[in-house]
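Printed here is query35.txt (compact mmCIF, C-alpha atoms and all ligand atoms):
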# COMPACT_ATOMS: atom_id res chain seq x y z
CA MET A 1 84.59 35.91 36.85
CA LYS A 2 81.26 37.29 35.58
CA ARG A 3 79.81 33.78 35.16
CA ARG A 4 80.78 32.90 38.75
CA LYS A 5 79.09 36.07 40.01
CA ASN A 6 75.91 35.11 38.10
CA THR A 7 75.87 31.63 39.59
CA LEU A 8 76.27 33.10 43.09
CA LEU A 9 73.43 35.54 42.44
CA LYS A 10 71.16 32.73 41.18
CA GLY A 11 71.98 30.68 44.29
CA LEU A 12 71.18 33.62 46.54
CA ILE A 13 67.83 34.23 44.81
CA ILE A 14 66.87 30.55 45.19
CA VAL A 15 67.75 30.65 48.92
CA ILE A 16 65.66 33.81 49.39
CA ILE A 17 62.68 32.30 47.55
CA LEU A 18 62.90 29.08 49.59
CA THR A 19 63.07 31.09 52.84
CA ILE A 20 59.99 33.11 51.87
CA ILE A 21 58.06 29.92 50.97
CA SER A 22 58.96 28.21 54.24
CA LEU A 23 58.03 31.32 56.26
CA PHE A 24 54.64 31.43 54.53
CA THR A 25 54.00 27.75 55.15
CA TYR A 26 54.90 28.16 58.83
CA GLN A 27 52.56 31.13 59.13
CA ILE A 28 49.65 29.24 57.50
CA LYS A 29 50.23 26.17 59.68
CA ASN A 30 50.19 28.30 62.82
CA ASN A 31 47.03 30.05 61.77
CA ILE A 32 45.23 26.74 61.27
CA LYS A 33 46.51 25.44 64.59
CA GLY A 34 45.43 28.61 66.38
CA GLU A 35 41.98 28.37 64.87
CA SER A 36 41.47 24.75 65.82
CA VAL A 37 42.58 25.36 69.39
CA GLN A 38 40.19 28.28 69.55
CA THR A 39 37.30 26.15 68.27
CA SER A 40 37.77 23.31 70.71
CA THR A 41 38.01 25.75 73.62
CA ASN A 42 34.67 27.22 72.60
CA GLU A 43 33.13 23.78 72.35
CA ASN A 44 34.37 22.87 75.82
CA LEU A 45 32.99 26.08 77.25
CA ASP A 46 29.61 25.39 75.66
CA LEU A 47 29.62 21.91 77.16
CA VAL A 48 30.38 23.24 80.64
CA LYS A 49 27.72 25.92 80.26
CA ASN A 50 25.10 23.37 79.20
CA ASN A 51 26.03 21.02 82.01
CA ASN A 52 25.71 23.77 84.56
CA GLU A 53 22.41 24.97 83.21
CA GLU A 54 20.53 21.83 82.35
CA GLY A 55 22.54 18.75 83.16
CA PRO A 56 21.53 15.77 81.06
CA PHE A 57 18.27 17.39 79.91
CA ASN A 58 19.75 19.66 77.28
CA GLY A 59 17.04 21.60 75.48
CA THR A 60 14.11 20.55 77.70
CA GLU A 61 12.31 22.80 80.14
CA VAL A 62 13.33 21.70 83.66
CA THR A 63 12.00 22.40 87.15
CA ASP A 64 12.73 21.61 90.79
CA GLU A 65 9.17 22.42 91.91
CA ASP A 66 6.90 19.65 93.15
CA MET A 67 4.71 18.42 90.30
CA GLY A 68 4.09 14.72 90.94
CA VAL A 69 5.87 12.18 88.75
CA ILE A 70 4.26 9.02 87.38
CA VAL A 71 6.27 5.84 87.86
CA LEU A 72 4.80 3.26 85.48
CA GLY A 73 5.05 -0.37 86.57
CA TYR A 74 5.20 -3.13 83.92
CA HIS A 75 5.83 -6.84 84.34
CA SER A 76 6.08 -9.23 81.39
CA ILE A 77 6.30 -7.82 77.82
CA GLY A 78 4.79 -10.69 75.83
CA ASN A 79 4.98 -11.66 72.18
CA GLU A 80 1.26 -11.29 71.68
CA PHE A 81 -1.92 -10.00 73.30
CA LYS A 82 -2.93 -11.95 76.40
CA LYS A 83 -5.67 -11.34 78.94
CA ASP A 84 -3.20 -11.56 81.80
CA PRO A 85 -2.79 -8.67 84.24
CA LEU A 86 0.97 -9.28 84.29
CA VAL A 87 1.43 -9.23 80.52
CA VAL A 88 1.55 -6.31 78.11
CA SER A 89 2.24 -7.29 74.49
CA LYS A 90 5.34 -5.85 72.85
CA ASP A 91 3.12 -4.03 70.33
CA LEU A 92 1.18 -2.34 73.12
CA PHE A 93 4.42 -1.58 74.98
CA ARG A 94 5.76 0.13 71.87
CA GLN A 95 2.51 2.09 71.48
CA HIS A 96 2.77 3.26 75.10
CA LEU A 97 6.37 4.40 74.68
CA GLN A 98 5.55 6.14 71.42
CA ALA A 99 2.64 7.95 73.11
CA ILE A 100 5.01 9.06 75.89
CA LYS A 101 7.48 10.33 73.31
CA ASP A 102 4.81 12.04 71.21
CA ALA A 103 3.51 13.85 74.31
CA GLY A 104 7.01 15.32 74.75
CA TYR A 105 7.87 13.38 77.90
CA THR A 106 11.37 12.41 79.02
CA THR A 107 11.87 8.98 80.60
CA ILE A 108 14.07 9.76 83.59
CA THR A 109 15.98 7.22 85.68
CA LEU A 110 15.15 6.41 89.30
CA GLN A 111 18.43 8.05 90.30
CA GLN A 112 17.26 11.25 88.60
CA LEU A 113 13.88 10.93 90.31
CA TYR A 114 15.63 10.48 93.67
CA ASP A 115 17.81 13.54 93.13
CA TYR A 116 14.72 15.56 92.18
CA LEU A 117 12.56 14.38 95.10
CA TYR A 118 15.19 14.57 97.84
CA ASN A 119 18.22 16.57 96.66
CA GLY A 120 16.67 19.57 94.91
CA ALA A 121 17.82 18.53 91.41
CA LYS A 122 15.90 19.68 88.34
CA ILE A 123 14.15 17.31 85.95
CA PRO A 124 12.12 18.00 82.79
CA LYS A 125 8.65 19.41 83.48
CA LYS A 126 7.37 16.44 81.51
CA SER A 127 9.05 13.50 83.22
CA VAL A 128 7.96 9.90 83.61
CA VAL A 129 9.68 6.75 84.92
CA ILE A 130 9.31 3.31 83.33
CA THR A 131 9.85 0.31 85.61
CA LEU A 132 9.56 -3.41 84.87
CA ASP A 133 9.24 -5.92 87.73
CA ASP A 134 10.42 -9.54 88.16
CA GLY A 135 13.09 -9.81 85.45
CA TYR A 136 11.18 -11.87 82.88
CA LYS A 137 13.26 -13.05 79.93
CA ASP A 138 10.94 -11.14 77.59
CA ASN A 139 12.13 -7.91 79.22
CA TYR A 140 15.42 -8.67 77.48
CA THR A 141 14.08 -10.15 74.23
CA ASN A 142 11.07 -7.83 73.72
CA ALA A 143 11.33 -4.68 75.87
CA PHE A 144 15.07 -3.99 75.59
CA PRO A 145 15.14 -3.69 71.75
CA ILE A 146 12.18 -1.27 71.82
CA LEU A 147 13.78 0.83 74.58
CA LYS A 148 17.01 0.97 72.56
CA GLU A 149 15.21 1.84 69.33
CA LEU A 150 13.26 4.69 70.93
CA LYS A 151 16.25 5.75 73.07
CA MET A 152 14.28 5.65 76.32
CA ASN A 153 15.35 4.95 79.89
CA ALA A 154 13.88 2.23 82.07
CA THR A 155 14.49 0.55 85.40
CA MET A 156 14.24 -3.21 85.87
CA PHE A 157 13.49 -4.56 89.34
CA ILE A 158 15.15 -7.98 89.33
CA ILE A 159 14.48 -10.95 91.64
CA ALA A 160 18.14 -11.65 92.39
CA ASN A 161 17.85 -15.42 92.84
CA TYR A 162 15.58 -16.04 89.84
CA LEU A 163 18.03 -15.59 86.97
CA ASP A 164 17.55 -19.03 85.41
CA GLY A 165 17.38 -18.29 81.68
CA GLY A 166 13.96 -19.99 81.53
CA VAL A 167 11.02 -17.76 82.42
CA TYR A 168 13.48 -15.25 83.82
CA MET A 169 16.57 -13.65 82.33
CA LEU A 170 20.13 -14.91 82.45
CA PRO A 171 22.67 -13.05 84.58
CA SER A 172 24.56 -12.20 81.37
CA GLN A 173 21.44 -10.52 79.94
CA VAL A 174 21.01 -8.42 83.08
CA LYS A 175 24.68 -7.43 82.86
CA GLU A 176 24.38 -6.50 79.17
CA MET A 177 21.41 -4.22 79.83
CA SER A 178 23.09 -2.68 82.85
CA ASP A 179 26.19 -1.93 80.76
CA TYR A 180 23.96 -0.37 78.11
CA GLY A 181 22.39 1.96 80.69
CA ILE A 182 19.17 0.25 81.75
CA GLU A 183 18.91 0.76 85.52
CA ILE A 184 19.00 -2.56 87.36
CA GLU A 185 17.50 -2.48 90.87
CA SER A 186 16.25 -5.00 93.43
CA HIS A 187 12.97 -6.87 93.68
CA THR A 188 14.32 -8.85 96.71
CA PHE A 189 16.14 -12.18 96.72
CA ASN A 190 13.26 -14.58 95.98
CA HIS A 191 10.07 -12.57 95.82
CA LYS A 192 8.60 -13.38 99.24
CA GLU A 193 5.90 -11.03 100.48
CA LEU A 194 7.96 -9.01 102.94
CA SER A 195 5.13 -8.33 105.40
CA THR A 196 4.83 -12.09 106.09
CA LEU A 197 8.49 -12.35 107.18
CA SER A 198 10.33 -11.60 110.43
CA TYR A 199 12.48 -8.49 110.57
CA ASP A 200 15.66 -10.53 110.15
CA ASP A 201 14.30 -12.43 107.17
CA GLN A 202 13.18 -9.20 105.53
CA LEU A 203 16.61 -7.71 106.08
CA LYS A 204 18.20 -10.80 104.52
CA GLN A 205 15.93 -10.59 101.44
CA LEU A 206 16.88 -6.96 100.97
CA LYS A 207 20.60 -7.28 101.71
CA ASP A 208 21.27 -10.51 99.79
CA SER A 209 19.59 -9.23 96.64
CA LYS A 210 21.51 -5.96 96.85
CA THR A 211 24.85 -7.75 97.17
CA LYS A 212 24.13 -10.27 94.42
CA LEU A 213 22.99 -7.63 91.92
CA GLU A 214 25.88 -5.32 92.80
CA ASN A 215 28.34 -8.16 92.15
CA LEU A 216 26.63 -8.92 88.85
CA THR A 217 26.37 -5.36 87.50
CA GLY A 218 29.39 -3.80 89.19
CA LYS A 219 27.09 -0.89 90.06
CA SER A 220 25.48 0.29 93.29
CA ILE A 221 21.92 -0.99 93.85
CA ASN A 222 19.99 1.78 95.60
CA PHE A 223 16.30 1.12 95.00
CA VAL A 224 13.85 -1.73 95.60
CA ALA A 225 10.28 -2.60 94.65
CA TYR A 226 8.39 -4.64 97.25
CA PRO A 227 7.05 -7.93 95.82
CA SER A 228 3.26 -7.58 95.44
CA GLY A 229 3.70 -4.18 97.06
CA SER A 230 3.71 -5.90 100.44
CA TYR A 231 5.39 -4.15 103.38
CA ASN A 232 4.91 -3.40 107.10
CA GLU A 233 6.60 -1.23 109.75
CA ASP A 234 9.55 -3.65 109.94
CA THR A 235 10.08 -3.32 106.19
CA LEU A 236 10.47 0.44 106.44
CA LYS A 237 13.28 -0.07 108.99
CA ALA A 238 14.89 -3.03 107.23
CA VAL A 239 15.03 -1.30 103.86
CA LYS A 240 16.87 1.61 105.45
CA GLU A 241 19.26 -0.67 107.36
CA ALA A 242 19.99 -2.62 104.15
CA GLY A 243 21.18 0.65 102.60
CA TYR A 244 18.45 1.49 100.07
CA ASP A 245 17.58 5.09 99.19
CA MET A 246 14.03 4.54 97.88
CA ALA A 247 11.41 1.79 97.82
CA PHE A 248 8.28 1.34 95.72
CA THR A 249 4.84 -0.07 96.48
CA VAL A 250 2.05 -0.80 94.01
CA LYS A 251 -0.28 1.78 95.52
CA LYS A 252 -1.63 3.85 92.67
CA GLY A 253 -0.50 7.45 92.58
CA GLN A 254 2.29 9.85 91.72
CA ALA A 255 5.62 10.33 93.46
CA HIS A 256 5.73 13.69 95.22
CA LYS A 257 8.36 15.66 97.08
CA GLY A 258 7.96 15.02 100.79
CA ASP A 259 6.65 11.47 100.26
CA ASN A 260 8.06 8.79 102.55
CA LYS A 261 11.00 7.54 100.45
CA TYR A 262 10.34 3.92 101.47
CA LYS A 263 6.73 3.74 100.28
CA LEU A 264 6.51 5.55 96.97
CA ASN A 265 3.50 5.13 94.69
CA ARG A 266 3.46 3.69 91.20
CA VAL A 267 0.92 3.19 88.43
CA LEU A 268 0.76 -0.49 87.45
CA VAL A 269 0.17 -1.09 83.77
CA ASP A 270 -1.68 -4.07 82.29
CA TYR A 271 -3.14 -5.13 78.95
CA THR A 272 -6.20 -2.87 79.41
CA TYR A 273 -3.98 0.21 79.58
CA LYS A 274 -4.23 2.12 76.31
CA GLN A 275 -2.49 5.15 74.86
CA ARG A 276 -5.35 7.36 76.01
CA HIS A 277 -4.72 6.22 79.61
CA ILE A 278 -1.09 7.20 79.27
CA LYS A 279 -2.11 10.59 77.95
CA ARG A 280 -4.65 11.05 80.76
CA ASN A 281 -2.20 9.97 83.47
CA LEU A 282 0.62 12.13 82.23
CA LYS A 283 -1.48 15.30 82.35
ZN ZN B 1 7.03 -8.99 91.46

For the file at hand, write its structure as structure tokens.
Ligand SMILES: [Zn+2]
Amino acid sequence: MKRRKNTLLKGLIIVIILTIISLFTYQIKNNIKGESVQTSTNENLDLVKNNNEEGPFNGTEVTDEDMGVIVLGYHSIGNEFKKDPLVVSKDLFRQHLQAIKDAGYTTITLQQLYDYLYNGAKIPKKSVVITLDDGYKDNYTNAFPILKELKMNATMFIIANYLDGGVYMLPSQVKEMSDYGIEIESHTFNHKELSTLSYDDQLKQLKDSKTKLENLTGKSINFVAYPSGSYNEDTLKAVKEAGYDMAFTVKKGQAHKGDNKYKLNRVLVDYTYKQRHIKRNLK
């Protein structure tokens, strides 16, 4: 009888101990869970706060006041130095980008420039835009790796009908860069000087290139650079009718709030352009 009682008591003690252990484990688990939920909520809140305050320019001083933004215009990024106004060597291109970075500038996209100029959005006080015209193959082989390495934005104005894989890029290379985040925009269908064309032909150049590049990238094409900077009164109407939001000339100057959105200035860059010119222009 006594032995049976002892066995029962032992059993009871084991049950009690097991219950206490499982209660403890449950409590600890819940505490950890509670903590992790708490943490992620805080992180989300921080994210929302940052987005509301500064958008994509986290940590940089931003403004919506008019300050004049430089839109740099490159063409070919060559393998070596060449005395050609359309060629900047990849070494010089890298030096330019490094100088921009060292001066504390942010390379913004044309969409960000548009939102700043015409929609009251804020951009960093030190903002600059990098554009490359014509869609040369070396923009993919030489410029793209440097842009990736230095984590900088750029816009490529592509001649929609010139994607031959010879002097110019392949469609697949344009698509790859677009997917990466390089802004692809229009440089018309086949690079005719727009001011020499009829209104209808201008409209066709602008519309056909927009459609072709939109089909290729799967993204909306909103901006255009006029070939050789050539435009007339018809161009200003055609570019609007074709559905573009901004257009760029090659007239030297900054982009300011209140500028006509269909004839914005740029600063063309060639092989004579040194780091000190970048520094001077950015000031
Ligand atoms: Zn061009």

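Closest to His96 in chain A among A:Lys207, A:Ala143, A:Asp66, A:Glu61 is A:Ala143, based on all atoms listed in the file.
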
Please provide as a ChimeraX atom specification all residues within 10 Å of range 273-280 of chain A, with the sequence filter that same-chain residues fewer than 5 positions apart are discarded (counting all atoms listed in the file). /A:70,72,88,92-93,95-100,102-103,268

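The space separating CA of Arg94 in chain A from CA of Ala160 in chain A comes to 26.7 Å.
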
Interatomic distance (Å, one decimal) between CA of Met152 in chain A and CA of Ile184 in chain A: 14.5 Å

Near-ligand residues for ligand ZN 1 (chain B), threshold 6 Å, only C-alpha atoms and all ligand atoms, as an MDAnalysis selection string: chainID A and resid 133:134 227:228

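Computed from the coordinates, the CA of Asn265 in chain A to CA of Leu194 in chain A distance equals 17.0 Å.
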
Residue nearest Leu206 in chain A among A:Ala225, A:Val87, A:Ala242, A:Ala154 (counting all atoms listed in the file): A:Ala242

Return the single residue from A:Gly165, A:Pro171, A:Gly253, A:Gly258 that is closest to Asn215 in chain A, with distances computed using all atoms listed in the file. A:Pro171

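Neighbours of Ser195 in chain A closer than or equal to 12 Å, with only C-alpha atoms counted and sequence neighbours fewer than 6 positions away skipped, come out as Asp201, Gln202, Leu203, Gln205, Tyr226, Pro227, Ser228, Gly229, Ser230, Tyr231, Asn232, Glu233, Asp234, Thr235, Leu236 and Ala238 of chain A.
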